[in-house]
file run38.txt (compact mmCIF, C-alpha atoms)
# COMPACT_ATOMS: atom_id res chain seq x y z
CA MET A 91 20.59 7.19 -12.30
CA THR A 92 17.19 5.55 -12.14
CA LEU A 93 15.38 4.09 -9.16
CA ARG A 94 13.08 1.17 -9.93
CA LEU A 95 10.45 0.71 -7.25
CA THR A 96 8.06 -2.21 -7.06
CA LEU A 97 5.10 -1.82 -4.70
CA ILE A 98 3.47 -5.13 -3.75
CA SER A 99 0.19 -5.42 -1.88
CA PRO A 100 0.09 -8.02 0.89
CA ALA A 101 -1.61 -11.39 0.88
CA THR A 102 -4.91 -11.58 2.70
CA SER A 103 -6.65 -14.11 4.87
CA GLY A 104 -10.38 -14.68 4.75
CA SER A 105 -13.01 -12.64 2.97
CA PRO A 106 -12.33 -8.96 2.22
CA ARG A 107 -15.78 -8.21 3.66
CA ASP A 108 -14.59 -9.41 7.06
CA VAL A 109 -11.46 -7.26 7.15
CA GLY A 110 -11.56 -4.38 9.58
CA PHE A 111 -10.08 -0.92 9.14
CA ASP A 112 -6.41 -0.80 10.17
CA ASP A 113 -6.72 -4.41 11.30
CA ASP A 114 -3.27 -5.79 12.08
CA GLY A 115 -4.36 -9.40 12.32
CA PRO A 116 -2.05 -12.27 11.41
CA LEU A 117 -1.73 -13.65 7.92
CA GLY A 118 -3.23 -17.12 7.76
CA PRO A 119 -1.76 -20.25 6.15
CA GLU A 120 -3.62 -19.73 2.86
CA GLY A 121 -2.23 -16.22 2.41
CA ILE A 122 1.28 -17.35 3.35
CA ALA A 123 1.12 -20.25 0.89
CA ARG A 124 -0.08 -17.95 -1.91
CA ALA A 125 2.77 -15.51 -1.27
CA GLU A 126 5.35 -18.31 -1.08
CA SER A 127 4.15 -19.63 -4.44
CA LEU A 128 4.95 -16.24 -5.98
CA ALA A 129 8.39 -15.75 -4.43
CA SER A 130 10.18 -16.50 -7.72
CA ALA A 131 8.55 -13.38 -9.23
CA VAL A 132 10.26 -11.07 -6.74
CA ASP A 133 13.82 -9.78 -7.05
CA PRO A 134 15.55 -11.02 -3.87
CA THR A 135 18.52 -8.70 -4.49
CA ALA A 136 16.49 -5.48 -4.28
CA ARG A 137 16.52 -3.35 -1.14
CA ALA A 138 13.28 -4.23 0.61
CA TYR A 139 10.93 -2.33 2.90
CA SER A 140 7.45 -2.98 4.26
CA SER A 141 4.56 -1.38 6.02
CA PRO A 142 4.94 -2.23 9.72
CA SER A 143 1.74 -4.31 9.82
CA ALA A 144 2.02 -8.02 10.58
CA ARG A 145 0.47 -9.02 7.25
CA CYS A 146 2.93 -6.90 5.23
CA ARG A 147 5.94 -8.12 7.17
CA ARG A 148 4.79 -11.75 6.89
CA THR A 149 4.01 -11.37 3.16
CA ALA A 150 7.48 -9.94 2.55
CA GLU A 151 9.02 -12.86 4.43
CA ALA A 152 6.94 -15.38 2.45
CA LEU A 153 8.12 -13.68 -0.77
CA GLY A 154 11.71 -14.25 0.33
CA LEU A 155 12.46 -10.62 1.20
CA SER A 156 14.34 -9.34 4.23
CA ALA A 157 12.20 -6.23 4.41
CA GLN A 158 12.84 -3.42 6.83
CA PRO A 159 9.56 -2.14 8.36
CA VAL A 160 9.17 1.63 7.86
CA SER A 161 6.77 3.65 10.00
CA ALA A 162 6.19 6.15 7.16
CA LEU A 163 4.63 3.25 5.22
CA ALA A 164 2.04 2.43 7.88
CA GLY A 165 -1.57 2.21 6.77
CA CYS A 166 -3.97 5.01 7.63
CA ALA A 167 -4.49 5.39 11.38
CA MET A 168 -8.22 4.78 11.69
CA GLY A 169 -8.89 6.03 15.21
CA ARG A 170 -12.07 4.64 16.73
CA TRP A 171 -12.87 2.72 13.53
CA ARG A 172 -9.79 0.52 13.95
CA GLY A 173 -10.68 -3.16 13.66
CA ARG A 174 -14.29 -2.46 12.62
CA THR A 175 -15.61 -3.60 9.25
CA LEU A 176 -16.92 -1.20 6.64
CA ALA A 177 -20.43 -2.64 7.11
CA ALA A 178 -20.34 -2.04 10.89
CA VAL A 179 -19.14 1.55 10.48
CA ALA A 180 -21.75 2.20 7.77
CA ALA A 181 -24.52 0.88 10.03
CA GLU A 182 -23.51 3.07 12.97
CA GLU A 183 -21.90 6.15 11.39
CA GLU A 184 -23.24 6.38 7.86
CA ALA A 185 -22.88 10.17 7.55
CA ALA A 186 -19.34 10.18 8.95
CA LEU A 187 -18.34 7.37 6.59
CA GLY A 188 -19.79 9.31 3.66
CA VAL A 189 -17.73 12.36 4.59
CA TRP A 190 -14.58 10.27 4.95
CA LEU A 191 -15.13 8.61 1.57
CA SER A 192 -15.74 11.90 -0.26
CA ASP A 193 -13.36 14.35 1.45
CA PRO A 194 -9.63 13.47 1.56
CA THR A 195 -9.09 16.03 4.33
CA ALA A 196 -11.69 14.48 6.66
CA ALA A 197 -10.88 12.18 9.57
CA PRO A 198 -14.19 11.72 11.39
CA HIS A 199 -12.81 8.56 13.04
CA GLY A 200 -10.21 10.58 14.94
CA GLY A 201 -7.24 9.15 13.04
CA GLU A 202 -5.52 10.34 9.88
CA SER A 203 -7.08 11.82 6.77
CA ALA A 204 -6.27 10.43 3.34
CA ARG A 205 -4.34 13.63 2.61
CA GLU A 206 -2.18 13.14 5.71
CA VAL A 207 -1.38 9.60 4.60
CA ARG A 208 -0.51 10.79 1.09
CA ARG A 209 1.81 13.49 2.46
CA ARG A 210 3.55 11.05 4.82
CA VAL A 211 4.01 8.41 2.12
CA GLY A 212 4.94 11.06 -0.46
CA ASP A 213 7.69 12.45 1.77
CA TRP A 214 9.15 8.95 2.10
CA LEU A 215 8.84 8.37 -1.64
CA ASP A 216 10.56 11.67 -2.45
CA GLY A 217 13.45 10.77 -0.15
CA LEU A 218 13.79 7.37 -1.78
CA ARG A 219 13.99 8.87 -5.27
CA ALA A 220 17.36 10.44 -4.43
CA GLY A 221 18.88 6.95 -4.73
CA SER A 222 19.16 4.45 -7.53
CA GLY A 223 18.85 0.72 -8.06
CA ARG A 224 15.96 -1.62 -7.32
CA VAL A 225 13.67 -1.34 -4.32
CA THR A 226 10.76 -3.59 -3.40
CA VAL A 227 8.10 -2.51 -0.90
CA VAL A 228 5.29 -4.64 0.51
CA ALA A 229 2.70 -2.11 1.61
CA GLU A 230 -0.92 -1.79 2.62
CA PRO A 231 -3.28 -0.96 -0.27
CA ASP A 232 -3.97 2.56 1.03
CA VAL A 233 -0.22 3.23 1.16
CA ILE A 234 0.15 2.07 -2.45
CA ARG A 235 -2.75 4.31 -3.50
CA ALA A 236 -1.15 7.26 -1.67
CA ALA A 237 2.21 6.58 -3.34
CA LEU A 238 0.63 6.47 -6.78
CA VAL A 239 -1.39 9.65 -6.29
CA HIS A 240 1.73 11.41 -5.06
CA ALA A 241 3.98 10.08 -7.84
CA LEU A 242 1.52 11.16 -10.53
CA GLY A 243 0.73 14.52 -8.93
CA ALA A 244 -2.95 13.53 -9.02
CA PRO A 245 -5.53 15.07 -6.69
CA ASP A 246 -6.01 13.29 -3.36
CA GLU A 247 -9.56 12.36 -4.39
CA ALA A 248 -8.09 10.05 -7.05
CA ALA A 249 -6.84 7.60 -4.41
CA ARG A 250 -10.37 6.31 -3.74
CA ARG A 251 -10.64 5.36 -7.40
CA LEU A 252 -7.61 3.09 -7.43
CA ASP A 253 -8.24 -0.60 -6.78
CA VAL A 254 -5.27 -2.46 -5.29
CA ARG A 255 -5.77 -6.21 -5.24
CA PRO A 256 -3.89 -8.64 -2.98
CA LEU A 257 -0.48 -9.80 -4.19
CA THR A 258 -0.25 -7.51 -7.18
CA ALA A 259 2.66 -5.31 -8.14
CA VAL A 260 2.83 -1.72 -9.35
CA HIS A 261 6.07 -0.37 -10.73
CA LEU A 262 7.45 3.16 -10.51
CA SER A 263 10.71 4.37 -11.95
CA GLY A 264 12.10 7.68 -10.84
CA ARG A 265 14.71 10.12 -12.07
CA ALA A 266 14.99 13.76 -13.04
CA ALA A 267 12.45 14.79 -10.37
CA ARG A 268 9.61 12.71 -11.79
CA TRP A 269 8.09 9.26 -11.58
CA ASN A 270 6.89 6.99 -14.39
CA LEU A 271 4.26 4.35 -13.72
CA ARG A 272 3.76 0.81 -15.00
CA VAL A 273 0.45 -0.46 -13.69
CA GLY A 274 -1.03 -3.71 -12.46
CA ASP A 275 1.30 -6.60 -13.08
CA PRO A 276 0.02 -9.66 -11.22
CA LEU A 277 2.75 -11.51 -9.42
CA GLY A 278 3.65 -14.67 -11.25
CA PRO A 279 6.64 -16.52 -12.61
CA ALA A 280 9.60 -14.24 -13.21
CA GLU A 281 9.91 -12.75 -16.69
CA ALA A 282 12.87 -13.67 -18.83
CA PRO A 283 15.43 -10.81 -19.02

call {"tool": "encode", "arguments": {"input": "run38.txt", "output": "structure tokens"}}
result
Amino acid sequence: MTLRLTLISPATSGSPRDVGFDDDGPLGPEGIARAESLASAVDPTARAYSSPSARCRRTAEALGLSAQPVSALAGCAMGRWRGRTLAAVAAEEEAALGVWLSDPTAAPHGGESAREVRRRVGDWLDGLRAGSGRVTVVAEPDVIRAALVHALGAPDEAARRLDVRPLTAVHLSGRAARWNLRVGDPLGPAEAP
């Protein structure tokens, strides 16, 4: 039996430069409209889950999914950096940011390390693989990166090299204790069977 997992990154509101770490702000009308326009590309019959953030839950809803929020799919807990932009953290804690960006075991902000996120997400992913059928997950970009690194057995450092754009899908299929990856499909009109 094969499990087919689609990981979708959430819609965004505003400029990516203005987004803060672990910022659970609402999804604005533009992001909602973009997600709603892509709803036909998403399988509404798949089991659906989401990161617990407001933007992931709202994106899933706009895509027509009744997604169950899962705490294991939460974005990285960013400690004292929560809500701050990358530019603000770089201006005040340049050395700490450098360590965090280069060492997946570091958590100078007092939250989680990238490795801790990968382990948490990987445990959830491994549990999911025991099933079969279609599953759709709307998850924060760092959760998608962690899932991919785990599925491929890649080193934790590889996560920082994966770019996850808003409202894109990544596909994993799992069976026989391994995952296969299909990368980077933009969401668009549904493909013909």

call {"tool": "atom_distance", "arguments": {"input": "run38.txt", "atom1": "CA of Arg124 in chain A", "atom2": "CA of Gly110 in chain A"}}
result
21.2 Å

call {"tool": "residues_around", "arguments": {"input": "run38.txt", "residues": "Ser161 in chain A", "least_positions_apart": "5", "cutoff": "9 Å", "atoms": "only C-alpha atoms", "output": "list in words"}}
result
Ser140, Ser141 and Pro142 of chain A

call {"tool": "write_last_selection", "arguments": {"input": "run38.txt", "atoms": "C-alpha atoms", "output": "mmCIF file, in the frame of the given file"}}
result
data_model
loop_
_atom_site.group_PDB
_atom_site.id
_atom_site.type_symbol
_atom_site.label_atom_id
_atom_site.label_comp_id
_atom_site.auth_asym_id
_atom_site.auth_seq_id
_atom_site.Cartn_x
_atom_site.Cartn_y
_atom_site.Cartn_z
ATOM 1 C CA SER A 140 7.450 -2.980 4.260
ATOM 2 C CA SER A 141 4.560 -1.380 6.020
ATOM 3 C CA PRO A 142 4.940 -2.230 9.720
#

call {"tool": "atom_distance", "arguments": {"input": "run38.txt", "atom1": "CA of Ala267 in chain A", "atom2": "CA of Pro100 in chain A"}}
result
28.3 Å

call {"tool": "closest_residue", "arguments": {"input": "run38.txt", "among": "A:Gly118, A:Pro245, A:Pro159, A:Gly169", "to": "Pro198 in chain A", "atoms": "all atoms listed in the file"}}
result
A:Gly169

call {"tool": "closest_residue", "arguments": {"input": "run38.txt", "among": "A:Arg235, A:Arg265, A:Arg210, A:Arg145", "to": "Ala248 in chain A", "atoms": "all atoms listed in the file"}}
result
A:Arg235

call {"tool": "axis_aligned_box", "arguments": {"input": "run38.txt", "around": "range 170-181 of chain A", "padding_each_side": "3 Å", "output": "lines of an AutoDock Vina configuration file"}}
result
center_x = -17.2
center_y = 0.5
center_z = 11.7
size_x = 20.7
size_y = 14.2
size_z = 16.1

call {"tool": "closest_residue", "arguments": {"input": "run38.txt", "among": "A:Ala178, A:Ala138, A:Ala241, A:Ile122", "to": "Arg268 in chain A", "atoms": "all atoms listed in the file"}}
result
A:Ala241

call {"tool": "closest_residue", "arguments": {"input": "run38.txt", "among": "A:Met168, A:Leu191, A:Ile98, A:Ala181", "to": "Ala237 in chain A", "atoms": "all atoms listed in the file"}}
result
A:Ile98

call {"tool": "atom_distance", "arguments": {"input": "run38.txt", "atom1": "CA of Gly223 in chain A", "atom2": "CA of Thr135 in chain A"}}
result
10.1 Å

call {"tool": "closest_residue", "arguments": {"input": "run38.txt", "among": "A:Gly201, A:Pro194, A:Gly243, A:Gly121", "to": "Arg170 in chain A", "atoms": "only C-alpha atoms"}}
result
A:Gly201

call {"tool": "closest_residue", "arguments": {"input": "run38.txt", "among": "A:Arg172, A:Ser263, A:Thr102, A:Leu271", "to": "Ala220 in chain A", "atoms": "all atoms listed in the file"}}
result
A:Ser263

call {"tool": "residues_around", "arguments": {"input": "run38.txt", "residues": "Ala125 in chain A", "least_positions_apart": "4", "cutoff": "8 Å", "atoms": "only C-alpha atoms", "output": "JSON, numbers by chain"}}
result
{"A": [101, 121, 129, 149, 152, 153, 257]}

call {"tool": "residues_around", "arguments": {"input": "run38.txt", "residues": "Ser192 in chain A", "least_positions_apart": "3", "cutoff": "9 Å", "atoms": "all atoms listed in the file", "output": "PyMOL selection string"}}
result
chain A and resi 187-189+196+247+250

call {"tool": "residues_around", "arguments": {"input": "run38.txt", "residues": "Arg205 in chain A", "least_positions_apart": "3", "cutoff": "7 Å", "atoms": "only C-alpha atoms", "output": "list in words"}}
result
Pro194, Thr195, Arg208, Arg209 and Asp246 of chain A
